[in-house]
Amino acid sequence: MTTPLLTLTDRGLHCPDGDFTIDPWRKVDRAIITHGHGDHARNGMGHYWTAAPGVPILRKRLGQYSPVEGVPYGERRAFGPVTISFHPAGHILGSAQVRVQRGDEVWVVTGDFKREPDPTCAPFEPVLCDVLVTEATFAYPIYQWPHPDTVMEEIYAWWQRCAAEDRPAVLYTYALGKAQRILAGLNAFSREPVWLHGAIDGLTRLYRDAGVTMIPTVPVSEMPRSDRGAGRLILAPPSAAGSKWAKRFRGASTGFASGWMQVRGTRRRKGYDEGFVLSDHADWPGLLRTVEDSGAKRVLATHGHTDALLAHLQGLGIEAQALATPYGDTEDG
Amino acid sequence: MNAFAALLTALERARSTGRKLELLTAYFKGAPAGDAAWALHLLTGRRPQRIASGPELRRWLGEATGLSEAVLEATYAHVGDLAETLALVLPPPPADITAPETSLQALLEETLAPLRGAGAETRKRALLALWRAYPQAPRLWLNKLITGGLRVGVGEGLTLRALGQAFGLDPAVLQHRWMIPQPPSAAAFEALVNPDNATLHWAAPYPFCLAQPLRDGALPPHPSTAVLAEWKWDGVRCQLVRREGNTALWSRGRERLEDRFPELAAAAEGLPEGTVLDGELLAWAEDGPGPFVELSRRLQRKRVTAALQRAVPVRFMAYDLLELNGEDLRPQPLAQRRQCLEALLTPSPAPALTFSPRLDNTSWESLTALRADARSQAVEGLMLKHEGSAYESGRRHQSWWKWKLDPETVDAVLLYAQPGHGRRANLYTDFTFAVWDRGALVPLAKAYSGLDEATLERLDHWIRRNTKERFGPVRSVTPTLVFELAFDSAHAAPRRKAGMALRFPRIHRWREDLTIEDADELETLKARLLPHG
Ligand SMILES: [Zn+2]
Ligand SMILES: [Zn+2]
């Protein structure tokens, strides 16, 4: 019996024949990175390969001189007897699925992905494979995303409501990917500058450098202290909620953009005034469609909530198992 | 239905009481009387009978979506709320289809009511059609009506305030009319909110005066200095109404109880025409109050047998006189009402009808000593009332104070967890706790209140990672965590596995310093709390 192409070790999803590890969470020499989110791209690896558009993000996270090599989407690289290539995952700028081939055996690791349109990154590209390692963050049939255009309209309408009441509208959102997707979406509605928390401002600059068109933005730090943001839309990471930084925006209406906002209990418990259902992860139909498009006979699911997905796939006659990884621990979805 | 669903959605999102009041007022102003009647009924906590059981709904959902039982089970466990699971799993109706204009009244009376008790096939077809017709947001509330699980959480007080504002009614008048429960109908609603309606049902009790809890220490100041002290009886708060040759006994929950307590109805015949007494209904042993569970036995029976009447004698312990000879005494100071009450019930017309004695209130020391003795008197503590106060409704006044006993406590092990409701529907907040019985853990009590949000979140996280088994939404966890539960009293409960039950158990604190070996033993608890065996 030959060794499995990929196997889960205490460091990550490891390829023994190619001697590399995908999205390792402990020190390895050769790391293949699906995308720049903190639970996938960690410090301390000997060498990094990632999809070319993701390089600036990775450098920002890991340090300007870290050993990161960009590989254009679709281009093949040989690691011993194993060939790998990156294919767009539609999750955030530079996010990729990793296709791993040995002889005629093909595995695909989706990393985080979504099937909805997103003007900030290349759209998901289905890749045929024998074994699919898929994320399963929102793997319940209650997660069926509304069209993102509708959500952008809702966000804009909320901003306008707040402006009419002369209040700031503070929207909490994941700083990498989601924030820029919203800024790109709002460009269709307004040229009024959006204020950015420092954590979002730096990443947004990277997106602008990559040629992504977004609504004008200004860092909050450059606005006069006396301006309390009435009528403004302000984007901030969830960690800023309730902080001293947020106190400046007196009387603000708060919003949160996340797939988790689909569930009423979570929405109410988080305590934001508004919940916008907007996710950079695949919803239930997106996951099923991706499994089907891949043609995989075997599916391994990561990222937490796998029970419903496994039961469903097994019902379709697909061999399906869970993979216990620490991904998803730091992401808000 | 759409306006009511929109109201519920908006109420759930409203952050302040003021905003909720605004929303409710606007709804009542705009709704047709038939809809408003039903809305009032539902908002004040009455629930419609369910139309389908949980397993039925899940089966039909499976048929409608092609999803397997295992998938739906896992999804339900994730959401924690069946009505919401149903609303979200079903695909949204096409965007160009608008929700039906059916009124709330028509939906409840014409669509849903006939389905109750109908065959499974009929109910299924009707519900599938409803699910297809409504978008996700109203579908959730529709499902809450179908499952009988609607809880709105605005409270009766706020709803009535809004109703009063909407129709320009004096809150006192509205609350008084409200005391007579009516089946929801346009006519009843119009009578309730008509400012010119002067007639009141003969049996109408007065809105109850409620006490505020007093922490240890001094009584907040009040213009009248004298304080009346009484026992805080552990029974059912009631008003006994004698008018037009008839008797009505009302619980605070606006339930008529006189048929269950014929001995009180008989005793009330000795009262003068136009009398209303406020007091406590108690099970009465030879020389003092019996345990609350005894009274429950009487409350559970709509028609009482002579045998039960003999087995569980009861007493109405009057502590206020609200009406005498048809005159409303509520504006009079308590001292005066009290004098009239004592005169009226001396001698008492029947053993079942007496007044609550005054206690020695000469000093805080004597009150403190009395309170310390409360448990041996089988009462819950002390009541302190300002003698100069008028009888005011509700809790927003400073006239009545309850000074309860310190609670009993037990250290127990977390065994099962279940999601809460509403805001906490996908958070594990309802817990079952166990104590040791000959080396095994036996469930003792369920408790859900007492932890703050942050602790609940932390606990929820722990529960998800330490789940042993799942039974629908319930999870059993590896016995690890110990909690201190507080409760008011304990009583024998032969049908429970533990053989005893706690009254008002709530979580006092998470004893992170204890391990499960430190939890209490059932035998010692029984010895401490059930002295009679
Ligand atoms: Zn990610
Ligand atoms: Zn991730």
# chains A, B, ... in the order shown; residues from 1 in each chain; ligands from 1
call {"tool": "select_by_dssp", "arguments": {"residues": "segment 157-226 of chain A", "states": "strand (DSSP E)", "output": "PyMOL selection string"}}
result
chain A and resi 169-172+194-196+217-219
call {"tool": "residues_around", "arguments": {"residues": "Ala311 of chain B", "least_positions_apart": "4", "cutoff": "12 Å", "atoms": "only C-alpha atoms", "output": "list in words"}}
result
Ala283, Trp284, Ala285, Glu286, Gly290, Glu294, Leu295, Arg297, Arg298, Val304, Thr305, Ala306 and Ala307 of chain B
call {"tool": "interface_residues", "arguments": {"of": "chain A", "to": "chain B", "cutoff": "7 Å", "atoms": "only C-alpha atoms", "output": "VMD selection string"}}
result
chain A and resid 140 to 142 264 to 266 268 to 269 273 307 to 308 311 to 312
call {"tool": "closest_residue", "arguments": {"among": "A:Leu93, A:Leu316, A:Ala163, A:Val218", "to": "Asp280 of chain A", "atoms": "only C-alpha atoms"}}
result
A:Leu93
call {"tool": "select_by_dssp", "arguments": {"residues": "segment 29-78 of chain A", "states": "helix (DSSP H, G or I)", "output": "list of chain:residue names"}}
result
A:Ala52, A:Pro53, A:Gly54, A:Val55, A:Pro56, A:Ile57, A:Leu58, A:Arg59, A:Lys60, A:Arg61, A:Leu62
call {"tool": "write_last_selection", "arguments": {"atoms": "all heavy atoms", "output": "JSON list (two decimals), in the first residue's frame"}}
result
[["chain", "number", "residue", "atom", "x", "y", "z"],
["A", 52, "ALA", "N", 0.26, 33.96, -6.22],
["A", 52, "ALA", "CA", 0.95, 35.23, -6.41],
["A", 52, "ALA", "C", 0.19, 36.45, -5.86],
["A", 52, "ALA", "O", 0.80, 37.30, -5.19],
["A", 52, "ALA", "CB", 1.28, 35.42, -7.90],
["A", 53, "PRO", "N", -1.13, 36.60, -6.11],
["A", 53, "PRO", "CA", -1.80, 37.81, -5.63],
["A", 53, "PRO", "C", -1.85, 37.89, -4.10],
["A", 53, "PRO", "O", -2.16, 38.95, -3.55],
["A", 53, "PRO", "CB", -3.23, 37.68, -6.18],
["A", 53, "PRO", "CG", -3.18, 36.61, -7.23],
["A", 53, "PRO", "CD", -2.04, 35.71, -6.87],
["A", 54, "GLY", "N", -1.51, 36.80, -3.41],
["A", 54, "GLY", "CA", -1.58, 36.80, -1.96],
["A", 54, "GLY", "C", -0.27, 37.20, -1.28],
["A", 54, "GLY", "O", -0.23, 37.34, -0.06],
["A", 55, "VAL", "N", 0.79, 37.38, -2.10],
["A", 55, "VAL", "CA", 2.11, 37.64, -1.51],
["A", 55, "VAL", "C", 2.15, 38.90, -0.63],
["A", 55, "VAL", "O", 2.64, 38.85, 0.51],
["A", 55, "VAL", "CB", 3.19, 37.67, -2.62],
["A", 55, "VAL", "CG1", 4.52, 38.14, -2.06],
["A", 55, "VAL", "CG2", 3.33, 36.29, -3.25],
["A", 56, "PRO", "N", 1.62, 40.05, -1.13],
["A", 56, "PRO", "CA", 1.71, 41.25, -0.27],
["A", 56, "PRO", "C", 1.00, 41.06, 1.08],
["A", 56, "PRO", "O", 1.48, 41.55, 2.11],
["A", 56, "PRO", "CB", 0.99, 42.32, -1.09],
["A", 56, "PRO", "CG", 1.00, 41.83, -2.50],
["A", 56, "PRO", "CD", 1.00, 40.33, -2.42],
["A", 57, "ILE", "N", -0.11, 40.34, 1.09],
["A", 57, "ILE", "CA", -0.84, 40.11, 2.34],
["A", 57, "ILE", "C", 0.00, 39.26, 3.29],
["A", 57, "ILE", "O", 0.12, 39.54, 4.48],
["A", 57, "ILE", "CB", -2.20, 39.44, 2.04],
["A", 57, "ILE", "CG1", -3.11, 40.41, 1.29],
["A", 57, "ILE", "CG2", -2.86, 38.96, 3.33],
["A", 57, "ILE", "CD1", -4.37, 39.81, 0.74],
["A", 58, "LEU", "N", 0.59, 38.23, 2.72],
["A", 58, "LEU", "CA", 1.42, 37.33, 3.54],
["A", 58, "LEU", "C", 2.62, 38.08, 4.12],
["A", 58, "LEU", "O", 2.97, 37.93, 5.28],
["A", 58, "LEU", "CB", 1.89, 36.16, 2.67],
["A", 58, "LEU", "CG", 1.76, 34.79, 3.34],
["A", 58, "LEU", "CD1", 0.32, 34.56, 3.77],
["A", 58, "LEU", "CD2", 2.20, 33.70, 2.38],
["A", 59, "ARG", "N", 3.22, 38.92, 3.28],
["A", 59, "ARG", "CA", 4.38, 39.69, 3.76],
["A", 59, "ARG", "C", 3.97, 40.65, 4.87],
["A", 59, "ARG", "O", 4.71, 40.87, 5.81],
["A", 59, "ARG", "CB", 5.01, 40.48, 2.61],
["A", 59, "ARG", "CG", 5.82, 39.60, 1.68],
["A", 59, "ARG", "CD", 6.79, 40.47, 0.87],
["A", 59, "ARG", "NE", 7.38, 39.70, -0.21],
["A", 59, "ARG", "CZ", 8.35, 38.81, -0.05],
["A", 59, "ARG", "NH1", 8.84, 38.58, 1.15],
["A", 59, "ARG", "NH2", 8.83, 38.15, -1.09],
["A", 60, "LYS", "N", 2.77, 41.21, 4.73],
["A", 60, "LYS", "CA", 2.33, 42.14, 5.77],
["A", 60, "LYS", "C", 2.13, 41.38, 7.09],
["A", 60, "LYS", "O", 2.45, 41.87, 8.16],
["A", 60, "LYS", "CB", 1.01, 42.81, 5.37],
["A", 60, "LYS", "CG", 0.57, 43.86, 6.38],
["A", 60, "LYS", "CD", -0.49, 44.79, 5.82],
["A", 60, "LYS", "CE", -1.03, 45.74, 6.88],
["A", 60, "LYS", "NZ", -0.05, 46.67, 7.43],
["A", 61, "ARG", "N", 1.62, 40.15, 6.98],
["A", 61, "ARG", "CA", 1.38, 39.37, 8.20],
["A", 61, "ARG", "C", 2.68, 38.82, 8.79],
["A", 61, "ARG", "O", 2.87, 38.81, 10.00],
["A", 61, "ARG", "CB", 0.41, 38.23, 7.90],
["A", 61, "ARG", "CG", 0.12, 37.35, 9.12],
["A", 61, "ARG", "CD", -0.94, 36.32, 8.85],
["A", 61, "ARG", "NE", -2.25, 36.90, 8.62],
["A", 61, "ARG", "CZ", -3.03, 37.39, 9.57],
["A", 61, "ARG", "NH1", -2.63, 37.40, 10.81],
["A", 61, "ARG", "NH2", -4.21, 37.88, 9.27],
["A", 62, "LEU", "N", 3.57, 38.34, 7.91],
["A", 62, "LEU", "CA", 4.73, 37.59, 8.39],
["A", 62, "LEU", "C", 5.99, 38.43, 8.48],
["A", 62, "LEU", "O", 7.00, 37.99, 9.03],
["A", 62, "LEU", "CB", 5.00, 36.40, 7.46],
["A", 62, "LEU", "CG", 3.82, 35.45, 7.24],
["A", 62, "LEU", "CD1", 4.16, 34.45, 6.13],
["A", 62, "LEU", "CD2", 3.45, 34.72, 8.52]]
call {"tool": "closest_residue", "arguments": {"among": "A:Thr83, A:Thr50, A:Thr290, A:Thr213", "to": "Asp19 of chain A", "atoms": "only C-alpha atoms"}}
result
A:Thr83
call {"tool": "residues_near_ligand", "arguments": {"ligand": "ligand 1", "cutoff": "12 Å", "atoms": "only C-alpha atoms and all ligand atoms", "output": "ChimeraX atom specification"}}
result
/A:23,33-41,89-97,110-114,135-137,174-178,279-282,303,327-333
call {"tool": "residues_around", "arguments": {"residues": "Leu228 of chain B", "least_positions_apart": "3", "cutoff": "7 Å", "atoms": "only C-alpha atoms", "output": "PyMOL selection string"}}
result
chain B and resi 358+384-387
call {"tool": "write_last_selection", "arguments": {"atoms": "C-alpha atoms", "output": "PDB file, in the first residue's frame"}}
result
ATOM      1  CA  ARG B 358     -49.272  41.863  62.927  1.00  0.00           C
ATOM      2  CA  LEU B 384     -42.871  45.314  55.704  1.00  0.00           C
ATOM      3  CA  LYS B 385     -45.501  47.840  54.655  1.00  0.00           C
ATOM      4  CA  HIS B 386     -45.720  51.585  55.227  1.00  0.00           C
ATOM      5  CA  GLU B 387     -48.817  52.235  57.254  1.00  0.00           C
TER       6      GLU B 387
END
call {"tool": "residues_around", "arguments": {"residues": "Val379 of chain B", "least_positions_apart": "6", "cutoff": "6 Å", "atoms": "only C-alpha atoms", "output": "list of chain:residue names"}}
result
B:Lys232, B:Trp233, B:Asp234
call {"tool": "write_last_selection", "arguments": {"atoms": "N, CA, C and O atoms", "output": "PDB file, in the first residue's frame"}}
result
ATOM      1  N   LYS B 232     -44.223  36.718  55.583  1.00  0.00           N
ATOM      2  CA  LYS B 232     -44.400  36.550  54.139  1.00  0.00           C
ATOM      3  C   LYS B 232     -44.808  35.108  53.909  1.00  0.00           C
ATOM      4  O   LYS B 232     -44.002  34.188  54.017  1.00  0.00           O
ATOM      5  N   TRP B 233     -46.099  34.918  53.656  1.00  0.00           N
ATOM      6  CA  TRP B 233     -46.640  33.569  53.531  1.00  0.00           C
ATOM      7  C   TRP B 233     -46.213  32.916  52.237  1.00  0.00           C
ATOM      8  O   TRP B 233     -46.091  33.581  51.216  1.00  0.00           O
ATOM      9  N   ASP B 234     -46.033  31.624  52.273  1.00  0.00           N
ATOM     10  CA  ASP B 234     -45.581  30.870  51.101  1.00  0.00           C
ATOM     11  C   ASP B 234     -46.769  30.155  50.473  1.00  0.00           C
ATOM     12  O   ASP B 234     -46.922  28.951  50.591  1.00  0.00           O
TER      13      ASP B 234
END
call {"tool": "residues_around", "arguments": {"residues": "Ala166 of chain B", "least_positions_apart": "5", "cutoff": "9 Å", "atoms": "only C-alpha atoms", "output": "MDAnalysis selection string"}}
result
chainID B and resid 24:29 161
call {"tool": "closest_residue", "arguments": {"among": "A:Asp293, A:Leu309, A:Gly185, A:Phe138", "to": "ligand 2", "atoms": "only C-alpha atoms and all ligand atoms"}}
result
A:Phe138
call {"tool": "residues_around", "arguments": {"residues": "Ala157 of chain A", "least_positions_apart": "6", "cutoff": "12 Å", "atoms": "only C-alpha atoms", "output": "list in words"}}
result
Thr150, Val151, Ala163, Ala164, Ala169, Leu186, Phe189, Ser190, Leu233, Glu274 and Phe276 of chain A
call {"tool": "write_last_selection", "arguments": {"atoms": "N, CA and C atoms", "output": "PDB file, in the first residue's frame"}}
result
ATOM      1  N   THR A 150     -27.804  42.400  -2.415  1.00  0.00           N
ATOM      2  CA  THR A 150     -28.894  42.736  -1.493  1.00  0.00           C
ATOM      3  C   THR A 150     -28.326  43.181  -0.153  1.00  0.00           C
ATOM      4  N   VAL A 151     -27.292  42.476   0.297  1.00  0.00           N
ATOM      5  CA  VAL A 151     -26.699  42.814   1.593  1.00  0.00           C
ATOM      6  C   VAL A 151     -26.027  44.187   1.533  1.00  0.00           C
ATOM      7  N   ALA A 163     -27.251  58.427   9.000  1.00  0.00           N
ATOM      8  CA  ALA A 163     -26.885  59.782   8.591  1.00  0.00           C
ATOM      9  C   ALA A 163     -28.074  60.722   8.785  1.00  0.00           C
ATOM     10  N   ALA A 164     -29.264  60.232   8.439  1.00  0.00           N
ATOM     11  CA  ALA A 164     -30.464  61.055   8.582  1.00  0.00           C
ATOM     12  C   ALA A 164     -30.708  61.398  10.050  1.00  0.00           C
ATOM     13  N   ALA A 169     -22.405  55.357  12.057  1.00  0.00           N
ATOM     14  CA  ALA A 169     -22.743  53.952  11.837  1.00  0.00           C
ATOM     15  C   ALA A 169     -21.437  53.173  11.906  1.00  0.00           C
ATOM     16  N   LEU A 186     -19.832  48.975  -1.744  1.00  0.00           N
ATOM     17  CA  LEU A 186     -20.445  50.286  -1.492  1.00  0.00           C
ATOM     18  C   LEU A 186     -20.094  51.301  -2.575  1.00  0.00           C
ATOM     19  N   PHE A 189     -22.741  52.730  -4.635  1.00  0.00           N
ATOM     20  CA  PHE A 189     -23.788  53.568  -4.045  1.00  0.00           C
ATOM     21  C   PHE A 189     -23.341  54.992  -3.751  1.00  0.00           C
ATOM     22  N   SER A 190     -22.049  55.191  -3.491  1.00  0.00           N
ATOM     23  CA  SER A 190     -21.646  56.489  -2.963  1.00  0.00           C
ATOM     24  C   SER A 190     -20.168  56.765  -3.208  1.00  0.00           C
ATOM     25  N   LEU A 233     -19.914  56.377   7.936  1.00  0.00           N
ATOM     26  CA  LEU A 233     -19.799  54.927   8.097  1.00  0.00           C
ATOM     27  C   LEU A 233     -18.371  54.653   8.541  1.00  0.00           C
ATOM     28  N   GLU A 274     -27.465  45.964  14.359  1.00  0.00           N
ATOM     29  CA  GLU A 274     -27.817  45.380  13.067  1.00  0.00           C
ATOM     30  C   GLU A 274     -26.920  44.183  12.779  1.00  0.00           C
ATOM     31  N   PHE A 276     -25.715  41.849   9.507  1.00  0.00           N
ATOM     32  CA  PHE A 276     -25.765  41.672   8.059  1.00  0.00           C
ATOM     33  C   PHE A 276     -25.190  40.307   7.711  1.00  0.00           C
TER      34      PHE A 276
END
call {"tool": "residues_around", "arguments": {"residues": "segment 263-273 of chain B", "least_positions_apart": "2", "cutoff": "8 Å", "atoms": "only C-alpha atoms", "output": "PyMOL selection string"}}
result
chain B and resi 240+242-245+247-249+258-259+261+275+315-316+324-326+349-350+352-353
call {"tool": "write_last_selection", "arguments": {"atoms": "N, CA and C atoms", "output": "short mmCIF file (atom, residue, chain, number, x, y, z; two decimals), in the first residue's frame"}}
result
data_model
loop_
_atom_site.label_atom_id
_atom_site.label_comp_id
_atom_site.auth_asym_id
_atom_site.auth_seq_id
_atom_site.Cartn_x
_atom_site.Cartn_y
_atom_site.Cartn_z
N LEU B 240 -60.14 37.87 47.04
CA LEU B 240 -61.44 37.25 47.26
C LEU B 240 -62.48 38.35 47.08
N ARG B 242 -66.42 39.53 46.81
CA ARG B 242 -67.81 39.22 47.16
C ARG B 242 -68.68 40.36 46.66
N ARG B 243 -69.44 40.12 45.59
CA ARG B 243 -70.32 41.18 45.05
C ARG B 243 -71.56 40.53 44.44
N GLU B 244 -72.64 41.26 44.51
CA GLU B 244 -73.89 40.83 43.87
C GLU B 244 -74.25 39.40 44.24
N GLY B 245 -74.00 39.03 45.49
CA GLY B 245 -74.36 37.70 45.95
C GLY B 245 -73.49 36.59 45.39
N THR B 247 -69.32 35.00 44.60
CA THR B 247 -67.94 35.04 45.09
C THR B 247 -66.99 34.68 43.95
N ALA B 248 -65.90 35.42 43.88
CA ALA B 248 -64.84 35.07 42.93
C ALA B 248 -63.51 35.07 43.68
N LEU B 249 -62.71 34.06 43.42
CA LEU B 249 -61.36 34.00 43.99
C LEU B 249 -60.39 34.06 42.83
N GLU B 258 -62.36 29.85 42.64
CA GLU B 258 -63.34 29.56 43.69
C GLU B 258 -63.91 28.14 43.60
N ASP B 259 -63.99 27.58 42.37
CA ASP B 259 -64.54 26.22 42.25
C ASP B 259 -63.63 25.18 42.87
N PHE B 261 -61.91 25.72 45.56
CA PHE B 261 -61.87 25.93 47.02
C PHE B 261 -63.25 26.28 47.56
N THR B 275 -67.33 43.40 49.00
CA THR B 275 -66.10 43.25 49.77
C THR B 275 -65.01 42.66 48.87
N ARG B 315 -56.59 27.77 53.85
CA ARG B 315 -56.96 28.98 54.58
C ARG B 315 -56.65 30.19 53.71
N PHE B 316 -57.53 31.17 53.75
CA PHE B 316 -57.25 32.45 53.10
C PHE B 316 -56.79 33.41 54.17
N LEU B 324 -65.03 47.80 50.70
CA LEU B 324 -65.96 47.44 51.77
C LEU B 324 -67.27 48.16 51.50
N ASN B 325 -68.36 47.41 51.58
CA ASN B 325 -69.69 47.95 51.26
C ASN B 325 -69.68 48.67 49.91
N GLY B 326 -68.96 48.09 48.99
CA GLY B 326 -68.94 48.64 47.64
C GLY B 326 -68.05 49.87 47.48
N PRO B 349 -65.54 34.75 60.11
CA PRO B 349 -66.78 34.09 59.67
C PRO B 349 -66.62 32.58 59.50
N ALA B 350 -65.43 32.10 59.32
CA ALA B 350 -65.17 30.66 59.17
C ALA B 350 -63.69 30.45 59.44
N ALA B 352 -61.58 29.03 57.78
CA ALA B 352 -60.78 29.14 56.56
C ALA B 352 -60.50 30.59 56.18
N LEU B 353 -61.09 31.53 56.90
CA LEU B 353 -60.95 32.93 56.51
C LEU B 353 -60.51 33.76 57.72
#
call {"tool": "closest_residue", "arguments": {"among": "A:Gly255, A:Gly286, A:Pro16, A:Gly198", "to": "Tyr272 of chain A", "atoms": "only C-alpha atoms"}}
result
A:Gly255
call {"tool": "atom_distance", "arguments": {"atom1": "atom CA of Trp364 of chain B", "atom2": "atom CA of Leu405 of chain B"}}
result
15.3 Å
call {"tool": "closest_residue", "arguments": {"among": "A:Gly304, A:Arg167, A:Pro224, A:Lys297", "to": "ligand 2", "atoms": "only C-alpha atoms and all ligand atoms"}}
result
A:Gly304
call {"tool": "closest_residue", "arguments": {"among": "B:Leu142, B:Phe487, B:Asn361, B:Leu112", "to": "Ala226 of chain B", "atoms": "only C-alpha atoms"}}
result
B:Asn361
